[in-house]
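I have placed the structure first, in the form of structure tokens, so that the comments after it can refer back to it.
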Amino acid sequence: RGMLYVELMCRTMTRDAHSGDAHALPNAAWRLLRAVESLKDAHERVRISGFYDSVRPLSAKTKAFLARIPPPDPSWARGLGVREFAGGRKAEALAAAVFEPTCNIAGFSAGYAGPGSKTVIPSQASCKIDFRLVPDQEPDAIARLLRGHLDAHGFDEIEISIIGRIRPAMTDPEAPIVQIAIDAAREAWRKEPVVVPMAGGSGPMALFTELLRLPVVSVGCSYPGSRKHAPDEHVRVDDFAGGAKHVARILSAFASSDGRRTVSG
């Protein structure tokens, strides 16, 4: 998926004030919370007008690959203490849900959050939000829709800073390089691979699919307990070795004249 990463900033006063005056002075945290709340409903549906207009419908080929993806390993959600998936989704529907764009609060900051108490009215508040985007959503176009949404809902004073943008990308599931990666996985792992038409995360794939007009595949060697993006993110040695073999076989097959040569070991 692609991504638009923004920071929203709300300022209501020149400095924090005593909360004894909360009946009179505007609280930046409450103001920004109300603006952010307007972006998405309780069912994970983004409320920004036009947000879904450019989303590319799933092709029959993509749906066929999705139908073959098994539900995620239960330990993945258990390890995070998850009781219910977002939007009340069932595990069997998560693979297809990756083709839906998201609006995620990555962080919120306002007022005093240290030990003990400090009775203040925050003069400013900020919120970092990432939108994971699907083909054919354009990050800059989504940023303009976000600006329009805030203005239309009376939050025109809230500032938007664009921190990062990545265009979404997708390779035809039947492209030859995909089959090469599938065959290489069978040889390296001695198992039938699971083919995921699009990942939930983001990367610079569009540089290849759009600029160079080349299909792209991504292979990995993590496991459900790898604790992605945590301070103790890790990979198991056996998985790392298997991943290295997989990549070596892809490169060997890709370099051969018929795309079928393999390496031993």
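All residue names refer to the structure tokens as shown: chains lettered A, B, ... in order, residues numbered from 1 in each chain, ligands numbered from 1 in order.
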
Do you have, as a Markdown table, the list of residues of region 117-179 of chain A lying at most 9 Å from region 106-112 of chain A, each with its nearest atom pair and that distance in Å to one decimal, counting only C-alpha atoms and ordered by chain then number?
| residue | atom | partner | partner_atom | distance |
| --- | --- | --- | --- | --- |
| A:Ser117 | CA | A:Tyr112 | CA | 8.0 |
| A:Lys118 | CA | A:Tyr112 | CA | 6.5 |
| A:Thr119 | CA | A:Tyr112 | CA | 8.2 |
| A:Val120 | CA | A:Gly111 | CA | 6.9 |
| A:Ile121 | CA | A:Gly111 | CA | 6.8 |
| A:Pro122 | CA | A:Gly111 | CA | 4.4 |
| A:Ser123 | CA | A:Gly111 | CA | 7.4 |
| A:Gln124 | CA | A:Ala110 | CA | 6.4 |
| A:Ala125 | CA | A:Ala110 | CA | 4.4 |
| A:Ser126 | CA | A:Ser109 | CA | 5.3 |
| A:Cys127 | CA | A:Phe108 | CA | 4.4 |
| A:Lys128 | CA | A:Gly107 | CA | 5.2 |
| A:Ile129 | CA | A:Ala106 | CA | 5.4 |
| A:Asp130 | CA | A:Ala106 | CA | 6.7 |

> Could you pull out the alpha helix (DSSP H) residues of region 154-252 of chain A from DSSP and send them as a count of residues only?
Replying inline: 31

> Which of these residues is nearest to Ile158 (chain A), using only C-alpha atoms: A:Leu4, A:Leu211, A:Leu146, A:Ala248?
Replying inline: A:Leu146

Counting only C-alpha atoms, which residues of region 161-224 of chain A sit at most 12 Å from some atom of region 86-97 of chain A, and what is each one's closest atom pair with its distance in Å to one decimal, listed by chain and rising residue number, as JSON lines?
{"residue": "A:Val194", "atom": "CA", "partner": "A:Ala95", "partner_atom": "CA", "distance": 11.3}
{"residue": "A:Val195", "atom": "CA", "partner": "A:Ala95", "partner_atom": "CA", "distance": 10.6}
{"residue": "A:Val196", "atom": "CA", "partner": "A:Ala95", "partner_atom": "CA", "distance": 7.8}
{"residue": "A:Pro197", "atom": "CA", "partner": "A:Ala95", "partner_atom": "CA", "distance": 9.1}
{"residue": "A:Met198", "atom": "CA", "partner": "A:Ala95", "partner_atom": "CA", "distance": 8.9}
{"residue": "A:Ala199", "atom": "CA", "partner": "A:Ala95", "partner_atom": "CA", "distance": 9.1}
{"residue": "A:Gly200", "atom": "CA", "partner": "A:Ala97", "partner_atom": "CA", "distance": 9.0}

> Contacts of Ile182 (chain A) at 9 Å or less, counting only C-alpha atoms, minus same-chain residues fewer than 4 places along, as JSON, numbers by chain?
Replying inline: {"A": [177, 178, 186, 187, 192, 193, 194, 195, 250]}

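Each of A:Ala181, A:Ala143, A:Met9, A:Ile166 was compared to Ala206 (chain A) using only C-alpha atoms, and A:Ile166 turns out to be the nearest.
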
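Residues with any atom within 10 Å of Gln137 (chain A), counting only C-alpha atoms and excluding same-chain neighbours fewer than 6 positions away, are A:Arg1, A:Gly2, A:Met3, A:Phe51, A:Tyr52, A:Asp53, A:Ser54, A:Val55, A:Arg56, A:Pro101, A:Arg167, A:Pro168, A:Ala169.
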
Write the residues you've just listed into a file as an mmCIF file, in the first residue's frame, and include all heavy atoms for each of them.
data_model
loop_
_atom_site.group_PDB
_atom_site.id
_atom_site.type_symbol
_atom_site.label_atom_id
_atom_site.label_comp_id
_atom_site.auth_asym_id
_atom_site.auth_seq_id
_atom_site.Cartn_x
_atom_site.Cartn_y
_atom_site.Cartn_z
ATOM 1 N N ARG A 1 0.839 -1.203 0.000
ATOM 2 C CA ARG A 1 0.000 0.000 0.000
ATOM 3 C C ARG A 1 0.872 1.251 0.000
ATOM 4 O O ARG A 1 2.026 1.220 0.429
ATOM 5 C CB ARG A 1 -0.910 0.007 1.232
ATOM 6 C CG ARG A 1 -2.007 -1.036 1.148
ATOM 7 C CD ARG A 1 -3.070 -0.834 2.204
ATOM 8 N NE ARG A 1 -2.636 -1.283 3.505
ATOM 9 C CZ ARG A 1 -3.478 -1.524 4.514
ATOM 10 N NH1 ARG A 1 -4.778 -1.366 4.363
ATOM 11 N NH2 ARG A 1 -3.032 -1.919 5.683
ATOM 12 N N GLY A 2 0.291 2.316 -0.461
ATOM 13 C CA GLY A 2 0.970 3.592 -0.368
ATOM 14 C C GLY A 2 0.669 4.231 0.975
ATOM 15 O O GLY A 2 0.009 3.640 1.834
ATOM 16 N N MET A 3 1.156 5.445 1.169
ATOM 17 C CA MET A 3 0.921 6.099 2.451
ATOM 18 C C MET A 3 0.997 7.617 2.327
ATOM 19 O O MET A 3 1.804 8.150 1.570
ATOM 20 C CB MET A 3 1.939 5.628 3.493
ATOM 21 C CG MET A 3 1.707 6.214 4.879
ATOM 22 S SD MET A 3 2.689 5.418 6.175
ATOM 23 C CE MET A 3 4.349 5.771 5.609
ATOM 24 N N PHE A 51 -12.825 10.262 -0.507
ATOM 25 C CA PHE A 51 -11.668 9.453 -0.118
ATOM 26 C C PHE A 51 -11.588 8.139 -0.888
ATOM 27 O O PHE A 51 -10.506 7.679 -1.255
ATOM 28 C CB PHE A 51 -11.723 9.183 1.394
ATOM 29 C CG PHE A 51 -10.530 8.449 1.943
ATOM 30 C CD1 PHE A 51 -9.335 9.121 2.180
ATOM 31 C CD2 PHE A 51 -10.597 7.091 2.238
ATOM 32 C CE1 PHE A 51 -8.237 8.448 2.695
ATOM 33 C CE2 PHE A 51 -9.509 6.420 2.755
ATOM 34 C CZ PHE A 51 -8.319 7.099 2.981
ATOM 35 N N TYR A 52 -12.717 7.521 -1.140
ATOM 36 C CA TYR A 52 -12.739 6.208 -1.790
ATOM 37 C C TYR A 52 -12.963 6.273 -3.306
ATOM 38 O O TYR A 52 -12.989 5.232 -3.962
ATOM 39 C CB TYR A 52 -13.839 5.338 -1.174
ATOM 40 C CG TYR A 52 -13.620 5.011 0.291
ATOM 41 C CD1 TYR A 52 -14.233 5.771 1.285
ATOM 42 C CD2 TYR A 52 -12.810 3.948 0.676
ATOM 43 C CE1 TYR A 52 -14.043 5.476 2.633
ATOM 44 C CE2 TYR A 52 -12.617 3.644 2.014
ATOM 45 C CZ TYR A 52 -13.231 4.405 2.988
ATOM 46 O OH TYR A 52 -13.040 4.115 4.318
ATOM 47 N N ASP A 53 -13.120 7.480 -3.847
ATOM 48 C CA ASP A 53 -13.524 7.604 -5.247
ATOM 49 C C ASP A 53 -12.558 6.947 -6.221
ATOM 50 O O ASP A 53 -12.977 6.409 -7.257
ATOM 51 C CB ASP A 53 -13.698 9.085 -5.614
ATOM 52 C CG ASP A 53 -14.934 9.694 -4.996
ATOM 53 O OD1 ASP A 53 -15.679 8.955 -4.308
ATOM 54 O OD2 ASP A 53 -15.162 10.905 -5.167
ATOM 55 N N SER A 54 -11.255 6.996 -5.956
ATOM 56 C CA SER A 54 -10.273 6.482 -6.912
ATOM 57 C C SER A 54 -9.788 5.072 -6.593
ATOM 58 O O SER A 54 -8.880 4.567 -7.257
ATOM 59 C CB SER A 54 -9.071 7.426 -6.976
ATOM 60 O OG SER A 54 -8.460 7.555 -5.704
ATOM 61 N N VAL A 55 -10.365 4.425 -5.584
ATOM 62 C CA VAL A 55 -9.933 3.076 -5.215
ATOM 63 C C VAL A 55 -10.212 2.112 -6.363
ATOM 64 O O VAL A 55 -11.337 2.019 -6.860
ATOM 65 C CB VAL A 55 -10.648 2.595 -3.935
ATOM 66 C CG1 VAL A 55 -10.340 1.124 -3.663
ATOM 67 C CG2 VAL A 55 -10.210 3.440 -2.747
ATOM 68 N N ARG A 56 -9.183 1.400 -6.789
ATOM 69 C CA ARG A 56 -9.312 0.466 -7.907
ATOM 70 C C ARG A 56 -10.056 -0.801 -7.470
ATOM 71 O O ARG A 56 -9.702 -1.429 -6.464
ATOM 72 C CB ARG A 56 -7.935 0.072 -8.420
ATOM 73 C CG ARG A 56 -7.955 -0.806 -9.660
ATOM 74 C CD ARG A 56 -6.582 -1.391 -9.963
ATOM 75 N NE ARG A 56 -5.545 -0.360 -10.036
ATOM 76 C CZ ARG A 56 -4.248 -0.640 -10.185
ATOM 77 N NH1 ARG A 56 -3.835 -1.894 -10.243
ATOM 78 N NH2 ARG A 56 -3.368 0.352 -10.257
ATOM 79 N N PRO A 101 -8.271 1.264 2.097
ATOM 80 C CA PRO A 101 -7.389 2.276 2.683
ATOM 81 C C PRO A 101 -7.731 2.512 4.143
ATOM 82 O O PRO A 101 -8.845 2.208 4.595
ATOM 83 C CB PRO A 101 -7.663 3.514 1.829
ATOM 84 C CG PRO A 101 -9.053 3.304 1.312
ATOM 85 C CD PRO A 101 -9.224 1.820 1.120
ATOM 86 N N ARG A 167 3.503 6.466 -2.983
ATOM 87 C CA ARG A 167 2.426 6.062 -3.890
ATOM 88 C C ARG A 167 2.183 4.559 -3.785
ATOM 89 O O ARG A 167 3.121 3.777 -3.622
ATOM 90 C CB ARG A 167 2.792 6.424 -5.326
ATOM 91 C CG ARG A 167 2.843 7.921 -5.586
ATOM 92 C CD ARG A 167 3.515 8.224 -6.917
ATOM 93 N NE ARG A 167 2.788 7.642 -8.028
ATOM 94 C CZ ARG A 167 1.766 8.235 -8.654
ATOM 95 N NH1 ARG A 167 1.382 9.434 -8.272
ATOM 96 N NH2 ARG A 167 1.146 7.663 -9.655
ATOM 97 N N PRO A 168 0.925 4.128 -3.872
ATOM 98 C CA PRO A 168 0.640 2.695 -3.856
ATOM 99 C C PRO A 168 1.099 2.037 -5.149
ATOM 100 O O PRO A 168 1.273 2.704 -6.178
ATOM 101 C CB PRO A 168 -0.888 2.640 -3.713
ATOM 102 C CG PRO A 168 -1.371 3.933 -4.304
ATOM 103 C CD PRO A 168 -0.300 4.945 -3.992
ATOM 104 N N ALA A 169 1.320 0.744 -5.091
ATOM 105 C CA ALA A 169 1.775 0.013 -6.279
ATOM 106 C C ALA A 169 1.254 -1.413 -6.227
ATOM 107 O O ALA A 169 1.038 -1.973 -5.149
ATOM 108 C CB ALA A 169 3.297 0.007 -6.345
#

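If only C-alpha atoms are the atoms counted, then among A:Glu159, A:Val216, A:Ala42, A:Pro176 the closest residue to Thr12 (chain A) is A:Glu159.
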
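Note that CA of Arg190 (chain A) and CA of Gly203 (chain A) are 28.0 Å apart.
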
Using only C-alpha atoms, find each residue of region 43-149 of chain A with at least one atom at most 8 Å away from an atom of region 221-225 of chain A; report its shortest atom-to-atom pair and that distance in Å (one decimal), sort the rows by chain and rising residue number, and return the result as a tab-separated table.
residue	atom	partner	partner_atom	distance
A:Asp73	CA	A:Pro224	CA	6.9
A:Ser75	CA	A:Pro224	CA	6.9
A:Trp76	CA	A:Pro224	CA	5.1
A:Gly79	CA	A:Gly225	CA	7.4

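For the atom pair formed by CA of Glu100 (chain A) and CA of Arg147 (chain A), the distance is 21.1 Å, given to one decimal.
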
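For the pair CA of Arg165 (chain A) and CA of Tyr5 (chain A), the interatomic distance is 6.2 Å.
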
> Closest to Ala184 (chain A) among A:Ser226, A:Ser252, A:Ser161, A:Ser218, using only C-alpha atoms?
Replying inline: A:Ser252

>> Taking the DSSP secondary structure from the backbone, can you list the residues of region 52-248 of chain A that are strand (DSSP E), as a ChimeraX atom specification?
In response: /A:104-110,120-121,124-133,159-166
